[in-house]
$ cat data25.txt   # compact mmCIF, C-alpha atoms
# COMPACT_ATOMS: atom_id res chain seq x y z
CA MET C 341 -114.09 -132.75 34.04
CA ARG C 342 -113.10 -135.17 36.82
CA ARG C 343 -109.62 -133.55 37.05
CA LYS C 344 -111.16 -130.06 37.56
CA LEU C 345 -113.52 -131.42 40.19
CA TYR C 346 -110.60 -133.05 42.01
CA ILE C 347 -108.59 -129.80 42.15
CA ILE C 348 -111.61 -127.83 43.41
CA LEU C 349 -112.16 -130.39 46.17
CA VAL C 350 -108.49 -130.16 47.24
CA VAL C 351 -108.69 -126.35 47.41
CA LEU C 352 -111.86 -126.53 49.49
CA LEU C 353 -110.24 -129.09 51.77
CA CYS C 354 -107.22 -126.83 52.23
CA ILE C 355 -109.42 -123.85 53.14
CA THR C 356 -111.49 -125.91 55.54
CA LEU C 357 -108.55 -127.51 57.38
CA THR C 358 -106.06 -124.66 57.49
CA GLY C 359 -108.13 -121.50 57.23
CA CYS C 360 -105.63 -120.29 54.64
CA SER C 361 -106.13 -116.94 52.92
CA ASN C 362 -104.22 -118.03 49.78
CA PRO C 363 -105.63 -121.37 48.59
CA LEU C 364 -103.27 -121.61 45.60
CA ALA C 365 -100.17 -121.26 47.82
CA SER C 366 -101.54 -123.88 50.19
CA LEU C 367 -102.28 -126.15 47.26
CA ARG C 368 -98.64 -125.96 46.13
CA GLU C 369 -97.57 -126.71 49.71
CA PHE C 370 -99.92 -129.69 49.80
CA PHE C 371 -98.47 -131.24 46.65
CA ASN C 372 -94.88 -130.47 47.68
CA LYS C 373 -95.38 -132.28 50.99
CA LYS C 374 -96.99 -135.20 49.23
CA THR C 375 -94.06 -135.51 46.82
CA ALA C 376 -91.50 -135.39 49.65
CA ILE C 377 -93.31 -138.19 51.45
CA ASP C 378 -93.76 -140.39 48.41
CA ILE C 379 -90.15 -140.37 47.16
CA LYS C 380 -87.91 -142.76 49.09
CA LEU C 381 -84.39 -143.48 47.98
CA PRO C 382 -82.69 -146.78 48.78
CA GLU C 383 -80.18 -146.48 51.61
CA ASP C 384 -77.23 -147.04 49.28
CA GLU C 385 -78.32 -144.05 47.17
CA ILE C 386 -78.72 -141.75 50.16
CA LYS C 387 -75.08 -142.08 51.26
CA GLU C 388 -72.71 -139.53 49.72
CA THR C 389 -69.72 -141.71 50.47
CA ASP C 390 -68.72 -144.63 52.64
CA ASP C 391 -66.36 -143.44 55.34
CA LEU C 392 -65.17 -144.48 58.76
CA SER C 393 -66.10 -141.26 60.53
CA GLU C 394 -69.25 -142.41 62.34
CA VAL C 395 -70.21 -145.29 64.61
CA SER C 396 -72.51 -147.53 62.61
CA SER C 397 -73.66 -150.01 65.23
CA GLU C 398 -74.35 -150.30 68.94
CA GLN C 399 -71.62 -151.64 71.13
CA PRO C 400 -71.99 -155.41 71.63
CA GLU C 401 -72.21 -156.75 75.16
CA ASN C 402 -69.02 -157.78 76.94
CA THR C 403 -66.81 -155.66 74.69
CA ARG C 404 -64.56 -152.64 75.13
CA ALA C 405 -64.07 -149.87 72.59
CA THR C 406 -60.40 -149.30 71.86
CA VAL C 407 -58.20 -148.18 69.00
CA LEU C 408 -56.15 -150.60 66.92
CA TYR C 409 -53.46 -149.55 64.44
CA TYR C 410 -53.48 -151.08 60.96
CA LYS C 411 -51.48 -150.13 57.85
CA ASP C 412 -52.63 -149.11 54.39
CA ALA C 413 -51.19 -149.71 50.91
CA GLU C 414 -48.70 -146.85 51.32
CA ASN C 415 -47.62 -148.16 54.75
CA LEU C 416 -49.31 -145.39 56.70
CA LEU C 417 -50.48 -146.36 60.16
CA VAL C 418 -54.23 -145.79 60.51
CA PRO C 419 -56.05 -145.75 63.88
CA VAL C 420 -59.40 -147.57 63.86
CA MET C 421 -61.81 -147.86 66.79
CA ARG C 422 -63.04 -151.43 67.21
CA TYR C 423 -64.88 -153.41 69.85
CA ILE C 424 -62.66 -156.03 71.47
CA PRO C 425 -64.01 -158.80 73.70
CA LYS C 426 -63.72 -158.68 77.47
CA GLY C 427 -62.58 -162.04 78.68
CA ASP C 428 -59.92 -164.16 80.34
CA MET C 429 -57.33 -162.94 77.84
CA GLY C 430 -57.29 -159.39 79.22
CA LEU C 431 -57.85 -156.18 77.29
CA ALA C 432 -54.20 -155.52 76.45
CA LYS C 433 -53.71 -159.02 75.03
CA ALA C 434 -57.00 -158.83 73.15
CA ALA C 435 -55.89 -155.54 71.58
CA ILE C 436 -52.56 -157.04 70.48
CA LYS C 437 -54.32 -160.08 69.03
CA GLY C 438 -56.47 -157.64 67.04
CA ILE C 439 -53.46 -156.50 64.96
CA ILE C 440 -51.74 -159.89 64.43
CA TYR C 441 -52.08 -161.16 60.86
CA SER C 442 -54.51 -163.98 60.27
CA GLN C 443 -56.53 -164.86 57.19
CA GLU C 444 -59.73 -164.15 59.10
CA LEU C 445 -58.59 -160.68 60.24
CA ALA C 446 -57.21 -159.82 56.80
CA GLU C 447 -60.58 -160.62 55.19
CA ASP C 448 -62.43 -158.75 57.94
CA ILE C 449 -60.63 -155.44 57.35
CA LYS C 450 -60.13 -155.85 53.59
CA PRO C 451 -63.21 -153.67 52.81
CA ILE C 452 -61.51 -150.67 54.44
CA GLY C 453 -58.31 -151.20 52.47
CA LEU C 454 -56.14 -151.86 55.54
CA SER C 455 -53.94 -154.75 56.67
CA PRO C 456 -52.82 -156.25 60.02
CA THR C 457 -49.48 -154.97 61.28
CA LEU C 458 -47.91 -157.90 63.19
CA PRO C 459 -46.56 -161.12 61.61
CA GLN C 460 -48.69 -164.22 61.21
CA GLY C 461 -48.27 -166.77 63.98
CA THR C 462 -47.15 -164.24 66.60
CA LYS C 463 -48.21 -165.31 70.08
CA ILE C 464 -48.44 -163.38 73.34
CA ASN C 465 -46.60 -165.37 75.99
CA GLY C 466 -47.43 -162.89 78.73
CA ALA C 467 -48.22 -159.28 79.57
CA VAL C 468 -47.71 -157.34 82.79
CA ILE C 469 -48.70 -153.72 83.39
CA LYS C 470 -46.75 -151.96 86.13
CA ASP C 471 -48.13 -149.24 88.39
CA ASP C 472 -45.89 -146.67 86.69
CA GLY C 473 -47.58 -147.32 83.33
CA LEU C 474 -44.95 -149.66 81.86
CA ALA C 475 -46.37 -152.61 79.93
CA ILE C 476 -43.95 -155.55 79.73
CA LEU C 477 -44.78 -157.87 76.83
CA ASP C 478 -43.34 -161.29 76.21
CA MET C 479 -43.83 -162.14 72.53
CA SER C 480 -43.05 -165.37 70.69
CA LYS C 481 -40.17 -165.61 68.18
CA GLU C 482 -42.62 -165.14 65.29
CA PHE C 483 -42.71 -161.45 66.23
CA LEU C 484 -39.22 -161.23 64.67
CA SER C 485 -40.38 -162.44 61.24
CA PHE C 486 -41.27 -159.16 59.52
CA GLY C 487 -40.54 -159.16 55.81
CA SER C 488 -38.82 -155.77 55.56
CA ALA C 489 -37.21 -153.01 57.59
CA GLU C 490 -40.18 -150.73 56.94
CA GLY C 491 -42.68 -153.40 57.96
CA GLU C 492 -40.68 -154.09 61.11
CA GLU C 493 -40.57 -150.42 62.13
CA ILE C 494 -44.28 -149.96 61.38
CA GLY C 495 -45.21 -153.12 63.29
CA VAL C 496 -43.34 -152.10 66.43
CA LYS C 497 -44.89 -148.64 66.27
CA ALA C 498 -48.36 -150.12 65.75
CA LEU C 499 -47.89 -152.28 68.83
CA VAL C 500 -46.78 -149.33 70.97
CA TYR C 501 -49.56 -147.02 69.74
CA THR C 502 -52.24 -149.69 70.18
CA LEU C 503 -51.23 -150.39 73.78
CA THR C 504 -50.79 -146.77 74.78
CA GLU C 505 -54.41 -146.12 73.77
CA PHE C 506 -55.14 -147.52 77.26
CA SER C 507 -54.90 -144.72 79.81
CA ASN C 508 -52.91 -146.87 82.27
CA ILE C 509 -50.14 -147.66 79.75
CA LYS C 510 -47.49 -145.01 79.06
CA SER C 511 -44.62 -147.05 77.66
CA VAL C 512 -43.90 -150.58 76.39
CA GLN C 513 -41.06 -153.04 76.92
CA ILE C 514 -40.84 -155.93 74.43
CA ARG C 515 -39.26 -159.27 75.24
CA ILE C 516 -38.91 -162.30 72.98
CA ASP C 517 -39.52 -165.68 74.63
CA GLY C 518 -38.60 -164.19 77.98
CA LYS C 519 -35.43 -162.42 76.82
CA GLN C 520 -34.89 -158.71 76.27
CA ILE C 521 -33.05 -157.93 73.02
CA ASP C 522 -31.57 -154.69 71.76
CA GLU C 523 -32.79 -154.73 68.19
CA MET C 524 -34.93 -156.61 65.67
CA PRO C 525 -33.47 -158.49 62.65
CA PHE C 526 -33.84 -155.41 60.39
CA GLY C 527 -32.37 -153.07 63.00
CA THR C 528 -35.43 -151.61 64.77
CA LYS C 529 -34.34 -150.73 68.31
CA ILE C 530 -36.41 -152.32 71.10
CA GLY C 531 -33.86 -152.47 73.93
CA GLU C 532 -35.35 -149.52 75.79
CA ASN C 533 -38.86 -148.75 76.97
CA LEU C 534 -40.81 -147.55 73.93
CA LYS C 535 -43.17 -144.57 73.79
CA ARG C 536 -45.28 -142.88 71.13
CA SER C 537 -43.07 -141.07 68.66
CA GLU C 538 -43.50 -139.57 65.19
CA ILE C 539 -46.30 -141.64 63.66
CA ASN C 540 -46.22 -141.45 59.83
CA LEU C 541 -43.31 -139.01 59.93
CA ILE C 542 -42.87 -136.71 56.92
CA LYS C 543 -39.48 -134.99 56.86
CA PRO C 544 -39.06 -131.71 55.00
CA GLU C 545 -36.37 -131.42 52.34
CA LYS C 546 -34.57 -128.71 54.30
CA LEU C 547 -34.34 -128.77 58.08
CA GLY C 548 -33.90 -125.56 60.04
CA ASP C 549 -32.31 -125.03 63.43
CA LYS C 550 -35.50 -124.92 65.50
CA LEU C 551 -37.73 -127.91 64.82
CA SER C 552 -41.10 -128.80 66.25
CA LYS C 553 -43.24 -131.89 65.69
CA VAL C 554 -46.79 -131.22 64.57
CA MET C 555 -49.44 -133.90 64.03
CA VAL C 556 -52.17 -133.25 61.47
CA TYR C 557 -54.96 -135.37 59.93
CA TYR C 558 -56.04 -135.85 56.32
CA GLN C 559 -58.65 -138.00 54.62
CA LYS C 560 -57.81 -140.78 52.18
CA LYS C 561 -59.76 -142.98 49.82
CA GLY C 562 -57.87 -146.25 50.15
CA THR C 563 -58.00 -149.46 48.16
CA GLY C 564 -61.22 -150.56 49.86
CA ARG C 565 -64.71 -149.10 49.60
CA TYR C 566 -64.25 -146.76 52.57
CA SER C 567 -62.38 -143.53 53.13
CA TYR C 568 -60.56 -142.87 56.39
CA PHE C 569 -58.47 -140.27 58.19
CA ALA C 570 -54.78 -140.80 58.90
CA PRO C 571 -52.35 -138.81 61.05
CA LEU C 572 -49.13 -137.31 59.71
CA THR C 573 -46.25 -136.07 61.82
CA LYS C 574 -44.46 -133.13 60.24
CA LEU C 575 -41.23 -131.50 61.33
CA VAL C 576 -41.45 -127.74 60.97
CA SER C 577 -38.97 -124.94 61.45
CA GLY C 578 -39.60 -121.72 63.30
CA TYR C 579 -42.85 -122.84 64.94
CA THR C 580 -43.73 -123.62 68.49
CA ASN C 581 -46.06 -126.59 68.86
CA SER C 582 -49.27 -124.59 69.07
CA ALA C 583 -52.76 -124.91 67.66
CA GLU C 584 -52.01 -122.12 65.18
CA ALA C 585 -48.85 -123.84 64.00
CA ALA C 586 -50.68 -127.14 63.56
CA LEU C 587 -53.48 -125.59 61.49
CA ASN C 588 -51.01 -123.71 59.28
CA VAL C 589 -49.22 -126.98 58.62
CA LEU C 590 -52.57 -128.67 57.94
CA LEU C 591 -53.37 -126.05 55.29
CA GLU C 592 -50.11 -126.83 53.50
CA GLY C 593 -51.51 -130.21 52.55
CA PRO C 594 -50.01 -133.72 52.59
CA ASP C 595 -47.20 -135.21 50.53
CA PRO C 596 -48.79 -136.45 47.27
CA LYS C 597 -47.00 -139.79 47.69
CA THR C 598 -49.17 -140.60 50.71
CA GLY C 599 -52.40 -140.60 48.71
CA LEU C 600 -53.94 -138.29 51.33
CA LYS C 601 -56.15 -135.39 50.26
CA ASN C 602 -55.99 -131.75 51.26
CA PRO C 603 -59.65 -130.86 51.95
CA PHE C 604 -59.21 -127.08 51.85
CA PRO C 605 -60.20 -125.09 48.75
CA VAL C 606 -57.34 -123.33 46.97
CA GLY C 607 -56.43 -120.01 48.58
CA THR C 608 -57.81 -120.79 52.05
CA LYS C 609 -55.81 -118.98 54.73
CA LEU C 610 -55.76 -119.18 58.50
CA LEU C 611 -56.48 -115.70 59.86
CA GLY C 612 -56.09 -116.51 63.54
CA VAL C 613 -56.60 -118.96 66.42
CA GLU C 614 -57.50 -118.19 70.01
CA VAL C 615 -57.93 -120.81 72.71
CA ASN C 616 -59.98 -119.85 75.76
CA ASP C 617 -61.62 -122.02 78.44
CA GLY C 618 -61.25 -125.20 76.40
CA VAL C 619 -62.62 -123.69 73.16
CA ALA C 620 -60.53 -123.03 70.06
CA TYR C 621 -61.87 -120.08 68.08
CA VAL C 622 -60.54 -120.53 64.54
CA ASN C 623 -60.83 -117.89 61.82
CA PHE C 624 -60.39 -118.81 58.13
CA SER C 625 -60.52 -116.71 55.00
CA GLU C 626 -63.65 -116.77 52.82
CA GLU C 627 -62.10 -119.25 50.35
CA ILE C 628 -62.94 -122.02 52.82
CA LEU C 629 -66.56 -121.73 51.67
CA ASN C 630 -65.68 -122.76 48.09
CA VAL C 631 -66.89 -126.33 48.52
CA SER C 632 -69.38 -128.05 46.26
CA THR C 633 -70.63 -130.94 48.40
CA LEU C 634 -71.55 -131.64 52.00
CA ALA C 635 -68.91 -134.39 52.04
CA GLU C 636 -66.18 -131.84 51.26
CA GLU C 637 -67.40 -129.60 54.07
CA ARG C 638 -67.42 -132.51 56.51
CA ALA C 639 -63.87 -133.44 55.51
CA ILE C 640 -62.66 -129.92 56.35
CA VAL C 641 -64.39 -129.94 59.74
CA LYS C 642 -63.06 -133.40 60.59
CA ALA C 643 -59.50 -132.52 59.55
CA VAL C 644 -59.55 -129.36 61.70
CA THR C 645 -61.13 -130.92 64.79
CA LEU C 646 -58.94 -134.03 64.64
CA THR C 647 -55.81 -131.91 64.34
CA LEU C 648 -56.88 -129.80 67.33
CA ARG C 649 -57.65 -132.90 69.43
CA GLU C 650 -53.89 -133.33 69.80
CA PHE C 651 -53.99 -130.42 72.25
CA PRO C 652 -55.51 -131.69 75.52
CA ALA C 653 -56.71 -128.21 76.54
CA ILE C 654 -59.04 -128.02 73.52
CA LYS C 655 -62.45 -129.67 73.96
CA LYS C 656 -64.59 -127.74 71.46
CA VAL C 657 -64.10 -125.68 68.31
CA ARG C 658 -65.83 -122.65 66.73
CA LEU C 659 -65.12 -121.92 63.07
CA PHE C 660 -65.41 -118.37 61.72
CA VAL C 661 -65.12 -116.99 58.19
CA ASN C 662 -63.44 -113.57 57.97
CA GLY C 663 -64.25 -113.15 61.65
CA GLN C 664 -67.97 -113.63 61.12
CA THR C 665 -70.61 -116.34 61.33
CA VAL C 666 -72.38 -117.71 58.27
CA GLU C 667 -76.13 -118.18 57.90
CA ASN C 668 -77.75 -121.54 57.14
CA THR C 669 -74.83 -123.72 58.14
CA GLU C 670 -74.24 -126.20 60.94
CA SER C 671 -70.45 -126.40 60.76
CA ILE C 672 -68.15 -123.92 59.01
CA GLY C 673 -69.00 -120.46 60.27
CA SER C 674 -71.99 -121.56 62.34
CA ASN C 675 -72.90 -120.51 65.87
CA GLU C 676 -72.44 -124.12 67.00
CA TYR C 677 -69.59 -125.37 69.15
CA LEU C 678 -68.08 -128.39 67.40
CA ASP C 679 -67.00 -131.33 69.56
CA VAL C 680 -63.44 -132.56 69.29
CA PRO C 681 -63.71 -136.22 68.13
CA VAL C 682 -62.87 -138.95 70.62
CA PHE C 683 -61.97 -141.43 67.88
CA VAL C 684 -60.51 -140.95 64.39
CA ASN C 685 -62.12 -143.86 62.51
CA PHE C 686 -64.70 -146.53 63.35
CA TYR C 687 -65.20 -149.96 61.83
CA GLU C 688 -67.55 -152.74 62.87
$ encode --input "data25.txt" --output "structure tokens"
Amino acid sequence: MRRKLYIILVVLLCITLTGCSNPLASLREFFNKKTAIDIKLPEDEIKETDDLSEVSSEQPENTRATVLYYKDAENLLVPVMRYIPKGDMGLAKAAIKGIIYSQELAEDIKPIGLSPTLPQGTKINGAVIKDDGLAILDMSKEFLSFGSAEGEEIGVKALVYTLTEFSNIKSVQIRIDGKQIDEMPFGTKIGENLKRSEINLIKPEKLGDKLSKVMVYYQKKGTGRYSYFAPLTKLVSGYTNSAEAALNVLLEGPDPKTGLKNPFPVGTKLLGVEVNDGVAYVNFSEEILNVSTLAEERAIVKAVTLTLREFPAIKKVRLFVNGQTVENTESIGSNEYLDVPVFVNFYE
């Protein structure tokens, strides 16, 4: 009896407050809203996955956002945006210190499954940045103590890439205790001014006559609790280095040995790319919609926009499916212009 009286009162309340013509429909709406408000999931249950694709905290005072290059278990270099302190040390020195191995740094970045790239005990004796963009670094002899040829090559590249993230640095000259040397103990050449070149290079089995370098980005679930995106440089034959070439290479997928994941559903094809006034209009086949989770969709969008960020003329991206837009979506096939990411990964 009390239950019937309660339902009648709710219906009357609905009619009084909303003037509804269908009290039963409004009653269902009332209970649906109540349920949505009452159910609260813990934050750790709301997250689909832990990744490094979004800034998770406000920038601390007296810091500068810059990109540091760490390595993962497969010795891929991974760019990670971090906040480094502004201080007497100078930003370039602070960035270098941020990739030198220490127990504290190793524990700090262990959750993301990455490791520091420069040998323990390495010191920065001095750093000078010339007006022409040349950074001259004087490193201590510990910089020569890499454990392998691969580690040595990766470490030098990490140093160059980390420093050239600063807009006023275009190339790097490395000296050891004030002296310039031609090569490291394992043979890595450092006698000339060093520039960015072929990060995480994947060579094809057969090389053609006309080769172009294309940089693409894939997601990876590393040894830590986070996933991250890493760049690959591929050498391709018969292509010019264009946005269309890069996206076709991206669709081919990564080498399985890298542990990287191809986010595109099987059968996805690139139907065309047009760049106009800073916007890349990209058209994919309908197979791109064969995703089962929001995380998979985000991975596709991030891989495409990161790959296109390598072309300075591209600032925004529109994604089409068979030349058309798709209803009820905010990314693939939507009417929205997608921003090209400024950073690849974030960790704080």
$ residues_around --input "data25.txt" --residues "Gly487 of chain C" --least-positions-apart "3" --cutoff "10 Å" --atoms "only C-alpha atoms" --output "count of residues only"
7
$ residues_near_point --input "data25.txt" --point "(-63.9, -159.6, 61.2)" --cutoff "12 Å" --atoms "only C-alpha atoms" --output "list in words"
Arg422, Tyr423, Ile424, Gly438, Ile439, Tyr441, Ser442, Gln443, Glu444, Leu445, Ala446, Glu447, Asp448, Ile449, Lys450, Pro451, Ile452, Ser455, Pro456, Tyr687 and Glu688 of chain C
$ residues_near_point --input "data25.txt" --point "(-50.7, -145.3, 47.8)" --cutoff "7 Å" --atoms "only C-alpha atoms" --output "PyMOL selection string"
chain C and resi 413-414+597-599
$ atom_distance --input "data25.txt" --atom1 "atom CA of Lys463 of chain C" --atom2 "atom CA of Ser480 of chain C"
5.2 Å
$ closest_residue --input "data25.txt" --among "C:Gln513, C:Glu482, C:Asn668, C:Asn685" --to "Val407 of chain C" --atoms "all atoms listed in the file"
C:Asn685
$ atom_distance --input "data25.txt" --atom1 "atom CA of Ser507 of chain C" --atom2 "atom CA of Leu431 of chain C"
12.1 Å
$ residues_around --input "data25.txt" --residues "Phe660 of chain C" --least-positions-apart "6" --cutoff "7 Å" --atoms "only C-alpha atoms" --output "list in words"
Val622, Asn623, Phe624, Ile672 and Gly673 of chain C
$ atom_distance --input "data25.txt" --atom1 "atom CA of Glu532 of chain C" --atom2 "atom CA of Thr573 of chain C"
22.2 Å
$ residues_around --input "data25.txt" --residues "segment 508-510 of chain C" --least-positions-apart "6" --cutoff "8 Å" --atoms "all atoms listed in the file" --output "list in words"
Ile469, Asp472, Gly473, Leu474, Ala475 and Lys535 of chain C
$ residues_around --input "data25.txt" --residues "segment 611-617 of chain C" --least-positions-apart "6" --cutoff "10 Å" --atoms "all atoms listed in the file" --output "VMD selection string"
chain C and resid 582 to 585 587 to 588 623 to 625 653 to 663
$ closest_residue --input "data25.txt" --among "C:Val420, C:Val589, C:Ile640, C:Ala620" --to "Pro603 of chain C" --atoms "all atoms listed in the file"
C:Ile640
$ closest_residue --input "data25.txt" --among "C:Ala570, C:Val500, C:Val576, C:Val606" --to "Val554 of chain C" --atoms "all atoms listed in the file"
C:Val576
$ residues_around --input "data25.txt" --residues "Asn540 of chain C" --least-positions-apart "2" --cutoff "7 Å" --atoms "all atoms listed in the file" --output "list of chain:residue names"
C:Leu416, C:Leu417, C:Glu538, C:Ile542, C:Pro571, C:Leu572, C:Thr573
$ closest_residue --input "data25.txt" --among "C:Pro544, C:Gly495, C:Gly430, C:Pro594" --to "Thr462 of chain C" --atoms "all atoms listed in the file"
C:Gly495
$ closest_residue --input "data25.txt" --among "C:Val512, C:Lys426, C:Lys543, C:Ala643" --to "Asp595 of chain C" --atoms "only C-alpha atoms"
C:Lys543
